[in-house]
>>> print(open('entry11.tsv').read())   # TSV, C-alpha atoms
chain	number	residue	atom	x	y	z
A	8	MET	CA	173.87	186.66	172.03
A	9	GLU	CA	176.40	189.41	172.00
A	10	GLY	CA	177.09	192.23	169.68
A	11	GLU	CA	178.26	195.73	169.31
A	12	GLU	CA	177.81	198.16	166.49
A	13	ASP	CA	178.80	201.77	165.94
A	14	VAL	CA	176.99	204.26	163.76
A	15	ALA	CA	178.58	207.60	162.99
A	16	VAL	CA	175.98	210.36	163.08
A	17	ARG	CA	177.25	213.13	160.84
A	18	LEU	CA	174.62	213.53	158.18
A	19	GLU	CA	170.88	213.52	158.29
A	20	ALA	CA	170.83	210.17	156.43
A	21	ASP	CA	172.76	208.67	159.37
A	22	ILE	CA	169.65	209.10	161.51
A	23	LEU	CA	167.92	206.55	159.28
A	24	THR	CA	170.91	204.20	159.52
A	25	ALA	CA	170.97	204.52	163.32
A	26	ARG	CA	167.32	203.74	163.77
A	27	GLN	CA	167.45	200.88	161.27
A	28	THR	CA	170.42	199.42	163.18
A	29	GLY	CA	168.52	199.74	166.45
A	30	LYS	CA	165.43	198.16	164.99
A	31	THR	CA	167.32	195.21	163.53
A	32	LEU	CA	169.19	194.58	166.80
A	33	ALA	CA	165.95	194.92	168.79
A	34	ARG	CA	164.20	192.36	166.59
A	35	SER	CA	167.10	189.91	166.83
A	36	LEU	CA	167.00	190.26	170.63
A	37	GLY	CA	163.36	189.23	170.68
A	38	PHE	CA	161.67	192.59	171.24
A	39	SER	CA	158.14	192.84	169.88
A	40	ASP	CA	157.48	194.94	166.77
A	41	ALA	CA	155.87	197.60	168.96
A	42	ASP	CA	158.92	197.77	171.24
A	43	ALA	CA	161.23	197.91	168.22
A	44	VAL	CA	159.27	200.97	167.03
A	45	LEU	CA	159.63	202.60	170.46
A	46	ILE	CA	163.38	201.98	170.43
A	47	ALA	CA	163.73	203.26	166.84
A	48	THR	CA	161.75	206.38	167.74
A	49	ALA	CA	163.94	207.10	170.78
A	50	ILE	CA	167.05	206.63	168.62
A	51	SER	CA	165.60	209.01	166.05
A	52	GLU	CA	164.98	211.72	168.66
A	53	ILE	CA	168.46	211.42	170.14
A	54	ALA	CA	170.25	211.20	166.78
A	55	ARG	CA	168.42	214.30	165.59
A	56	ASN	CA	169.51	216.12	168.75
A	57	MET	CA	173.11	215.04	168.18
A	58	LEU	CA	173.04	216.56	164.71
A	59	GLU	CA	171.13	219.69	165.56
A	60	TYR	CA	172.88	220.67	168.77
A	61	GLY	CA	175.93	218.44	169.08
A	62	LYS	CA	177.52	218.70	165.62
A	63	GLY	CA	177.12	214.96	165.24
A	64	GLY	CA	178.84	212.12	167.04
A	65	THR	CA	178.73	208.38	167.47
A	66	MET	CA	175.95	206.06	168.46
A	67	ARG	CA	177.17	202.82	169.99
A	68	PHE	CA	174.79	199.88	170.14
A	69	ARG	CA	175.43	197.13	172.62
A	70	VAL	CA	173.52	193.93	173.17
A	71	LEU	CA	173.28	193.17	176.88
A	72	ALA	CA	173.14	189.52	177.84
A	73	SER	CA	173.37	189.41	181.61
A	74	PRO	CA	171.96	189.85	184.16
A	75	ARG	CA	169.17	190.79	181.78
A	76	LYS	CA	168.73	190.74	178.05
A	77	GLY	CA	168.48	194.19	176.62
A	78	LEU	CA	169.73	196.80	174.22
A	79	GLU	CA	171.96	199.68	175.23
A	80	ILE	CA	172.48	202.77	173.13
A	81	ASN	CA	175.32	205.10	173.97
A	82	ALA	CA	175.13	208.40	172.09
A	83	GLU	CA	178.09	210.69	172.35
A	84	ASP	CA	178.52	214.02	170.65
A	85	ARG	CA	181.31	216.56	170.71
A	86	GLY	CA	179.07	219.58	170.71
A	87	PRO	CA	179.07	222.57	173.05
A	88	GLY	CA	177.38	220.61	175.84
A	89	ILE	CA	174.15	221.49	177.62
A	90	LYS	CA	174.26	224.31	180.15
A	91	ASP	CA	171.26	223.17	182.17
A	92	VAL	CA	170.61	219.44	181.77
A	93	GLU	CA	167.62	219.55	184.12
A	94	LEU	CA	166.00	222.23	182.00
A	95	ALA	CA	166.77	220.33	178.77
A	96	MET	CA	165.04	217.27	180.24
A	97	ARG	CA	161.86	219.24	180.87
A	98	ASP	CA	158.95	218.55	178.51
A	99	GLY	CA	158.44	221.28	175.98
A	100	TYR	CA	161.73	223.04	176.57
A	101	SER	CA	163.71	223.66	173.41
A	102	SER	CA	166.71	225.82	172.74
A	103	GLY	CA	166.26	225.27	169.01
A	104	GLY	CA	163.14	225.47	166.92
A	105	GLY	CA	161.89	222.01	167.83
A	106	LEU	CA	159.07	220.79	169.99
A	107	GLY	CA	161.40	220.22	172.91
A	108	LEU	CA	160.38	216.58	173.09
A	109	GLY	CA	163.65	214.95	172.08
A	110	LEU	CA	165.33	214.21	175.40
A	111	PRO	CA	162.33	213.77	177.73
A	112	GLY	CA	160.53	211.89	174.96
A	113	ALA	CA	163.35	209.41	174.46
A	114	LYS	CA	163.50	208.90	178.22
A	115	ARG	CA	159.82	208.02	178.28
A	116	LEU	CA	160.22	205.47	175.48
A	117	MET	CA	163.12	203.61	177.13
A	118	ASP	CA	163.53	201.80	180.48
A	119	ASP	CA	166.79	203.42	181.59
A	120	PHE	CA	168.02	206.82	180.59
A	121	SER	CA	170.93	208.90	181.74
A	122	ILE	CA	172.52	212.01	180.38
A	123	SER	CA	175.77	213.73	181.20
A	124	SER	CA	177.10	216.86	179.63
A	125	VAL	CA	180.32	218.79	179.91
A	126	LEU	CA	180.27	222.37	178.68
A	127	GLY	CA	182.69	222.76	175.83
A	128	SER	CA	183.28	219.08	175.23
A	129	GLY	CA	180.00	217.31	174.58
A	130	THR	CA	176.99	215.36	175.74
A	131	THR	CA	176.52	211.64	176.32
A	132	VAL	CA	173.18	209.89	176.52
A	133	VAL	CA	172.99	206.26	177.62
A	134	MET	CA	169.66	204.53	177.30
A	135	ARG	CA	168.56	200.93	177.67
A	136	LYS	CA	165.53	198.85	177.07
A	137	TRP	CA	165.09	195.41	178.57
A	138	VAL	CA	163.52	192.51	176.76
A	139	PRO	CA	160.30	191.85	178.66
B	1	MET	CA	162.78	207.44	148.55
B	2	SER	CA	160.29	209.74	146.91
B	3	ALA	CA	156.58	209.54	147.55
B	4	PRO	CA	154.12	209.01	144.71
B	5	VAL	CA	151.19	211.43	144.60
B	6	ILE	CA	148.09	210.09	142.86
B	7	LYS	CA	144.84	211.82	141.93
B	8	LEU	CA	141.85	210.11	143.53
B	9	GLU	CA	138.39	211.54	142.79
B	10	GLN	CA	138.70	215.23	143.63
B	11	PHE	CA	141.49	214.47	146.08
B	12	LEU	CA	145.19	213.65	146.08
B	13	LEU	CA	146.72	210.58	147.65
B	14	ALA	CA	150.36	210.80	148.77
B	15	VAL	CA	151.88	207.45	149.66
B	16	LEU	CA	154.83	207.90	151.99
B	17	PRO	CA	157.70	205.39	151.93
B	18	GLN	CA	159.08	203.61	155.01
B	19	SER	CA	161.26	206.60	155.81
B	20	LEU	CA	161.84	210.01	154.29
B	21	THR	CA	164.96	212.12	154.37
B	22	ASP	CA	164.71	215.84	155.04
B	23	SER	CA	165.09	216.56	151.34
B	24	GLY	CA	162.45	213.92	150.62
B	25	TRP	CA	160.04	215.73	152.94
B	26	ARG	CA	160.77	219.07	151.29
B	27	GLU	CA	160.29	217.62	147.84
B	28	LEU	CA	157.00	215.99	148.85
B	29	ARG	CA	155.74	219.21	150.45
B	30	ASP	CA	156.50	221.30	147.35
B	31	ARG	CA	154.98	218.73	145.01
B	32	VAL	CA	151.75	218.31	146.99
B	33	LEU	CA	151.32	222.06	147.43
B	34	ARG	CA	151.73	222.49	143.67
B	35	GLN	CA	149.53	219.58	142.64
B	36	VAL	CA	146.68	220.73	144.86
B	37	GLY	CA	146.52	223.78	142.62
B	38	GLU	CA	146.95	221.86	139.36
B	39	HIS	CA	144.15	219.41	140.18
B	40	ARG	CA	142.06	221.85	142.21
B	41	ALA	CA	142.06	219.15	144.88
B	42	ARG	CA	139.89	219.82	147.91
B	43	GLY	CA	141.63	217.32	150.08
B	44	VAL	CA	144.80	215.29	150.47
B	45	LEU	CA	145.18	211.81	151.89
B	46	VAL	CA	148.61	211.17	153.34
B	47	ASP	CA	149.14	207.43	153.62
B	48	VAL	CA	151.70	206.57	156.33
B	49	THR	CA	151.04	202.80	156.31
B	50	GLU	CA	154.66	202.05	155.39
B	51	MET	CA	156.25	204.52	157.82
B	52	ASP	CA	157.94	202.73	160.70
B	53	VAL	CA	158.84	205.80	162.75
B	54	LEU	CA	157.12	209.15	163.17
B	55	ASP	CA	159.26	211.12	165.59
B	56	SER	CA	158.73	214.68	166.79
B	57	TYR	CA	160.56	216.04	163.77
B	58	ALA	CA	158.50	214.13	161.19
B	59	THR	CA	155.29	214.93	163.07
B	60	ARG	CA	156.10	218.62	162.93
B	61	LEU	CA	156.74	218.44	159.18
B	62	LEU	CA	153.59	216.41	158.56
B	63	ASP	CA	151.34	218.74	160.51
B	64	GLY	CA	153.06	221.74	158.95
B	65	LEU	CA	152.15	220.36	155.54
B	66	SER	CA	148.51	220.09	156.65
B	67	ARG	CA	148.55	223.74	157.73
B	68	MET	CA	150.02	224.84	154.39
B	69	LEU	CA	147.47	222.77	152.50
B	70	ARG	CA	144.64	224.31	154.50
B	71	LEU	CA	145.90	227.73	153.41
B	72	ARG	CA	145.64	226.44	149.85
B	73	GLY	CA	142.04	225.41	150.52
B	74	ALA	CA	142.56	221.68	150.98
B	75	GLN	CA	141.92	219.45	153.99
B	76	THR	CA	144.44	216.80	154.96
B	77	VAL	CA	143.77	213.41	156.44
B	78	VAL	CA	146.58	211.13	157.62
B	79	VAL	CA	145.70	207.48	157.08
B	80	GLY	CA	147.19	204.08	157.85
B	81	MET	CA	149.17	204.82	160.97
B	82	GLN	CA	150.51	201.55	162.38
B	83	PRO	CA	149.63	200.61	165.98
B	84	GLY	CA	153.27	200.75	167.14
B	85	VAL	CA	153.76	204.17	165.59
B	86	ALA	CA	150.57	205.48	167.23
B	87	PHE	CA	151.76	204.04	170.56
B	88	ALA	CA	155.17	205.71	170.31
B	89	MET	CA	153.63	209.04	169.25
B	90	ALA	CA	151.19	208.98	172.14
B	91	GLN	CA	154.04	208.19	174.57
B	92	LEU	CA	155.91	211.19	173.19
B	93	GLY	CA	152.85	213.40	173.47
B	94	LEU	CA	152.87	214.04	169.72
B	95	LYS	CA	149.72	215.32	168.04
B	96	LEU	CA	148.57	216.23	164.55
B	97	PRO	CA	146.26	219.14	165.41
B	98	SER	CA	145.88	220.40	161.85
B	99	SER	CA	145.31	217.01	160.22
B	100	GLY	CA	142.39	214.66	160.26
B	101	THR	CA	143.19	211.01	160.90
B	102	ALA	CA	141.53	207.87	159.62
B	103	LEU	CA	142.23	204.16	159.78
B	104	ASP	CA	142.86	203.61	156.07
B	105	VAL	CA	142.39	205.14	152.62
B	106	ASP	CA	138.70	204.12	152.50
B	107	ASP	CA	137.91	205.83	155.79
B	108	GLY	CA	140.07	208.78	154.81
B	109	LEU	CA	138.02	209.23	151.63
B	110	SER	CA	134.78	209.18	153.65
B	111	TYR	CA	136.31	211.73	156.02
B	112	LEU	CA	137.25	214.09	153.19
B	113	ARG	CA	133.86	213.72	151.49
B	114	ARG	CA	132.19	214.70	154.76
B	115	GLN	CA	134.39	217.80	154.96
B	116	LEU	CA	133.15	219.08	151.62
B	117	PRO	CA	130.05	221.26	151.34
B	118	ARG	CA	127.30	219.32	149.57
B	119	SER	CA	127.38	221.50	146.43
B	120	ALA	CA	131.04	220.69	145.89
B	121	ASN	CA	130.57	217.01	146.47
B	122	GLY	CA	129.79	216.34	142.82
B	123	ARG	CA	128.28	212.90	143.28
>>> encode(input="entry11.tsv", output="structure tokens")
Amino acid sequence: MEGEEDVAVRLEADILTARQTGKTLARSLGFSDADAVLIATAISEIARNMLEYGKGGTMRFRVLASPRKGLEINAEDRGPGIKDVELAMRDGYSSGGGLGLGLPGAKRLMDDFSISSVLGSGTTVVMRKWVP
Amino acid sequence: MSAPVIKLEQFLLAVLPQSLTDSGWRELRDRVLRQVGEHRARGVLVDVTEMDVLDSYATRLLDGLSRMLRLRGAQTVVVGMQPGVAFAMAQLGLKLPSSGTALDVDDGLSYLRRQLPRSANGR
């Protein structure tokens, strides 16, 4: 199975679209309901971050077929970037009014997680979950 | 995507849909805060059975509502959380410190009745 889908994250309602897309793809890949909820929750955290700090962006969903079956989510925003990525990945750290759980939380829910940020041009999060 | 709020004994029952937008949350919050006064409700059951995701943002709003309701003199109990949602919330370290929790509406009702002083229990 192969597939790719893009969701533009510009409005708050797009967060719901993004997590619904992720959930549907996860189910079609054979993830359990519980795993689909984990994936949808991680998507929700990252999409919210994109809106709150990154002025929105695009979430790209990719179905991975080999060497392992999985779902990849590539979230790219064109915000100001994160000055200290290590600090942003720390539990409880928040530059906004949130709980500071978005990035480290999403990492915990997924199998692979990487983040890169360039000051002045944006932040990209790539996360994957493998079908057990 | 609005949430019905129903009077149940001396309590209110708010049934949340699968997902709520930010404006949906605000609308629900205002309505519940108002109706607690109108019905002199001593407690509110928030039924999240249908909700498929409770992320850190929604958790903050939900627990914030419980804190506001407590200031209005009503206890809140969150009922019906699905196993997958509970699992994801625990993984994220999310808590609902100002809300009670119960398995379903029945248990939530028992919880609220226990919270009331005997004289106010009525039955």
>>> atom_distance(input="entry11.tsv", atom1="atom CA of A:Leu32", atom2="atom CA of A:Val16")
17.6 Å
>>> interface_residues(input="entry11.tsv", of="chain A", to="chain B", cutoff="8 Å", atoms="all atoms listed in the file", output="JSON, numbers by chain")
{"A": [19, 20, 23, 40, 41, 42, 44, 45, 47, 48, 51, 52, 105, 106, 108, 109, 112, 113, 115, 116]}
>>> residues_around(input="entry11.tsv", residues="B:Gln35", least_positions_apart="2", cutoff="12 Å", atoms="all atoms listed in the file", output="list in words")
Pro4, Val5, Ile6, Lys7, Gln10, Phe11, Leu12, Leu13, Ala14, Leu28, Arg29, Asp30, Arg31, Val32, Leu33, Gly37, Glu38, His39, Arg40, Ala41, Arg42, Gly43, Val44, Leu69, Arg72 and Ala74 of chain B
>>> closest_residue(input="entry11.tsv", among="A:Asn81, A:Thr65, A:Ser121, A:Thr131", to="A:Thr24", atoms="only C-alpha atoms")
A:Thr65
>>> residues_near_point(input="entry11.tsv", point="(170.3, 192.2, 172.1)", cutoff="8 Å", atoms="all atoms listed in the file", output="CSV table (one decimal) with C-alpha atoms, in the frame of the given file")
chain,number,residue,atom,x,y,z
A,8,MET,CA,173.9,186.7,172.0
A,9,GLU,CA,176.4,189.4,172.0
A,10,GLY,CA,177.1,192.2,169.7
A,32,LEU,CA,169.2,194.6,166.8
A,33,ALA,CA,166.0,194.9,168.8
A,35,SER,CA,167.1,189.9,166.8
A,36,LEU,CA,167.0,190.3,170.6
A,37,GLY,CA,163.4,189.2,170.7
A,69,ARG,CA,175.4,197.1,172.6
A,70,VAL,CA,173.5,193.9,173.2
A,71,LEU,CA,173.3,193.2,176.9
A,72,ALA,CA,173.1,189.5,177.8
A,76,LYS,CA,168.7,190.7,178.0
A,77,GLY,CA,168.5,194.2,176.6
A,78,LEU,CA,169.7,196.8,174.2
>>> residues_around(input="entry11.tsv", residues="B:Met51", least_positions_apart="6", cutoff="7 Å", atoms="only C-alpha atoms", output="MDAnalysis selection string")
chainID B and resid 16:19
>>> atom_distance(input="entry11.tsv", atom1="atom CA of B:Leu109", atom2="atom CA of B:Glu27")
24.1 Å
>>> atom_distance(input="entry11.tsv", atom1="atom CA of A:Thr130", atom2="atom CA of A:Gly86")
6.9 Å
>>> residues_around(input="entry11.tsv", residues="B:Asp104", least_positions_apart="6", cutoff="9 Å", atoms="only C-alpha atoms", output="MDAnalysis selection string")
chainID B and resid 47 49 78:81
>>> closest_residue(input="entry11.tsv", among="A:Lys62, A:Arg67, A:Arg34, A:Arg26", to="A:Glu12", atoms="only C-alpha atoms")
A:Arg67
>>> closest_residue(input="entry11.tsv", among="A:Ala49, A:Leu18, A:Ala95, A:Met57", to="A:Asp119", atoms="all atoms listed in the file")
A:Ala49
>>> closest_residue(input="entry11.tsv", among="A:Ala43, A:Val138, A:Ala54, A:Met66", to="A:Ile80", atoms="only C-alpha atoms")
A:Met66
>>> build_atoms(input="entry11.tsv", residues="stretch 40-72 of chain A", atoms="N, CA and C atoms", output="JSON list (two decimals), in the coordinates of the input")
[["chain", "number", "residue", "atom", "x", "y", "z"],
["A", 40, "ASP", "N", 157.47, 193.89, 167.80],
["A", 40, "ASP", "CA", 157.48, 194.94, 166.77],
["A", 40, "ASP", "C", 157.20, 196.30, 167.40],
["A", 41, "ALA", "N", 156.24, 196.33, 168.32],
["A", 41, "ALA", "CA", 155.87, 197.60, 168.96],
["A", 41, "ALA", "C", 157.05, 198.17, 169.75],
["A", 42, "ASP", "N", 157.75, 197.30, 170.48],
["A", 42, "ASP", "CA", 158.92, 197.77, 171.24],
["A", 42, "ASP", "C", 160.03, 198.23, 170.31],
["A", 43, "ALA", "N", 160.20, 197.51, 169.19],
["A", 43, "ALA", "CA", 161.23, 197.91, 168.22],
["A", 43, "ALA", "C", 160.93, 199.31, 167.67],
["A", 44, "VAL", "N", 159.65, 199.63, 167.49],
["A", 44, "VAL", "CA", 159.27, 200.97, 167.03],
["A", 44, "VAL", "C", 159.59, 202.01, 168.11],
["A", 45, "LEU", "N", 159.31, 201.67, 169.36],
["A", 45, "LEU", "CA", 159.63, 202.60, 170.46],
["A", 45, "LEU", "C", 161.12, 202.89, 170.50],
["A", 46, "ILE", "N", 161.92, 201.83, 170.39],
["A", 46, "ILE", "CA", 163.38, 201.98, 170.43],
["A", 46, "ILE", "C", 163.85, 202.83, 169.24],
["A", 47, "ALA", "N", 163.33, 202.51, 168.05],
["A", 47, "ALA", "CA", 163.73, 203.26, 166.84],
["A", 47, "ALA", "C", 163.34, 204.73, 166.96],
["A", 48, "THR", "N", 162.20, 205.00, 167.59],
["A", 48, "THR", "CA", 161.75, 206.38, 167.74],
["A", 48, "THR", "C", 162.66, 207.14, 168.71],
["A", 49, "ALA", "N", 163.02, 206.47, 169.81],
["A", 49, "ALA", "CA", 163.94, 207.10, 170.78],
["A", 49, "ALA", "C", 165.28, 207.39, 170.12],
["A", 50, "ILE", "N", 165.77, 206.44, 169.34],
["A", 50, "ILE", "CA", 167.05, 206.63, 168.62],
["A", 50, "ILE", "C", 166.95, 207.83, 167.69],
["A", 51, "SER", "N", 165.82, 207.92, 166.99],
["A", 51, "SER", "CA", 165.60, 209.01, 166.05],
["A", 51, "SER", "C", 165.66, 210.37, 166.75],
["A", 52, "GLU", "N", 164.99, 210.45, 167.91],
["A", 52, "GLU", "CA", 164.98, 211.72, 168.66],
["A", 52, "GLU", "C", 166.39, 212.11, 169.09],
["A", 53, "ILE", "N", 167.13, 211.13, 169.62],
["A", 53, "ILE", "CA", 168.46, 211.42, 170.14],
["A", 53, "ILE", "C", 169.44, 211.74, 169.00],
["A", 54, "ALA", "N", 169.35, 210.97, 167.90],
["A", 54, "ALA", "CA", 170.25, 211.20, 166.78],
["A", 54, "ALA", "C", 170.01, 212.59, 166.17],
["A", 55, "ARG", "N", 168.76, 212.97, 166.11],
["A", 55, "ARG", "CA", 168.42, 214.30, 165.59],
["A", 55, "ARG", "C", 169.02, 215.39, 166.48],
["A", 56, "ASN", "N", 168.90, 215.19, 167.79],
["A", 56, "ASN", "CA", 169.51, 216.12, 168.75],
["A", 56, "ASN", "C", 171.02, 216.23, 168.55],
["A", 57, "MET", "N", 171.65, 215.05, 168.36],
["A", 57, "MET", "CA", 173.11, 215.04, 168.18],
["A", 57, "MET", "C", 173.51, 215.89, 166.99],
["A", 58, "LEU", "N", 172.73, 215.81, 165.93],
["A", 58, "LEU", "CA", 173.04, 216.56, 164.71],
["A", 58, "LEU", "C", 172.73, 218.04, 164.89],
["A", 59, "GLU", "N", 171.58, 218.31, 165.51],
["A", 59, "GLU", "CA", 171.13, 219.69, 165.56],
["A", 59, "GLU", "C", 171.91, 220.52, 166.57],
["A", 60, "TYR", "N", 172.24, 219.89, 167.71],
["A", 60, "TYR", "CA", 172.88, 220.67, 168.77],
["A", 60, "TYR", "C", 174.32, 220.22, 169.05],
["A", 61, "GLY", "N", 174.63, 218.99, 168.67],
["A", 61, "GLY", "CA", 175.93, 218.44, 169.08],
["A", 61, "GLY", "C", 176.92, 218.27, 167.95],
["A", 62, "LYS", "N", 176.62, 218.81, 166.78],
["A", 62, "LYS", "CA", 177.52, 218.70, 165.62],
["A", 62, "LYS", "C", 177.83, 217.25, 165.25],
["A", 63, "GLY", "N", 176.92, 216.37, 165.57],
["A", 63, "GLY", "CA", 177.12, 214.96, 165.24],
["A", 63, "GLY", "C", 177.94, 214.23, 166.29],
["A", 64, "GLY", "N", 178.11, 212.93, 166.08],
["A", 64, "GLY", "CA", 178.84, 212.12, 167.04],
["A", 64, "GLY", "C", 178.72, 210.66, 166.69],
["A", 65, "THR", "N", 178.79, 209.82, 167.71],
["A", 65, "THR", "CA", 178.73, 208.38, 167.47],
["A", 65, "THR", "C", 177.64, 207.75, 168.33],
["A", 66, "MET", "N", 176.92, 206.85, 167.72],
["A", 66, "MET", "CA", 175.95, 206.06, 168.46],
["A", 66, "MET", "C", 176.46, 204.64, 168.54],
["A", 67, "ARG", "N", 176.61, 204.15, 169.77],
["A", 67, "ARG", "CA", 177.17, 202.82, 169.99],
["A", 67, "ARG", "C", 176.05, 201.92, 170.48],
["A", 68, "PHE", "N", 175.85, 200.83, 169.76],
["A", 68, "PHE", "CA", 174.79, 199.88, 170.14],
["A", 68, "PHE", "C", 175.42, 198.68, 170.79],
["A", 69, "ARG", "N", 174.86, 198.27, 171.91],
["A", 69, "ARG", "CA", 175.43, 197.13, 172.62],
["A", 69, "ARG", "C", 174.30, 196.19, 173.05],
["A", 70, "VAL", "N", 174.49, 194.94, 172.73],
["A", 70, "VAL", "CA", 173.52, 193.93, 173.17],
["A", 70, "VAL", "C", 173.92, 193.47, 174.56],
["A", 71, "LEU", "N", 173.00, 193.57, 175.50],
["A", 71, "LEU", "CA", 173.28, 193.17, 176.88],
["A", 71, "LEU", "C", 172.72, 191.77, 177.10],
["A", 72, "ALA", "N", 173.56, 190.91, 177.68],
["A", 72, "ALA", "CA", 173.14, 189.52, 177.84],
["A", 72, "ALA", "C", 172.82, 189.18, 179.30]]
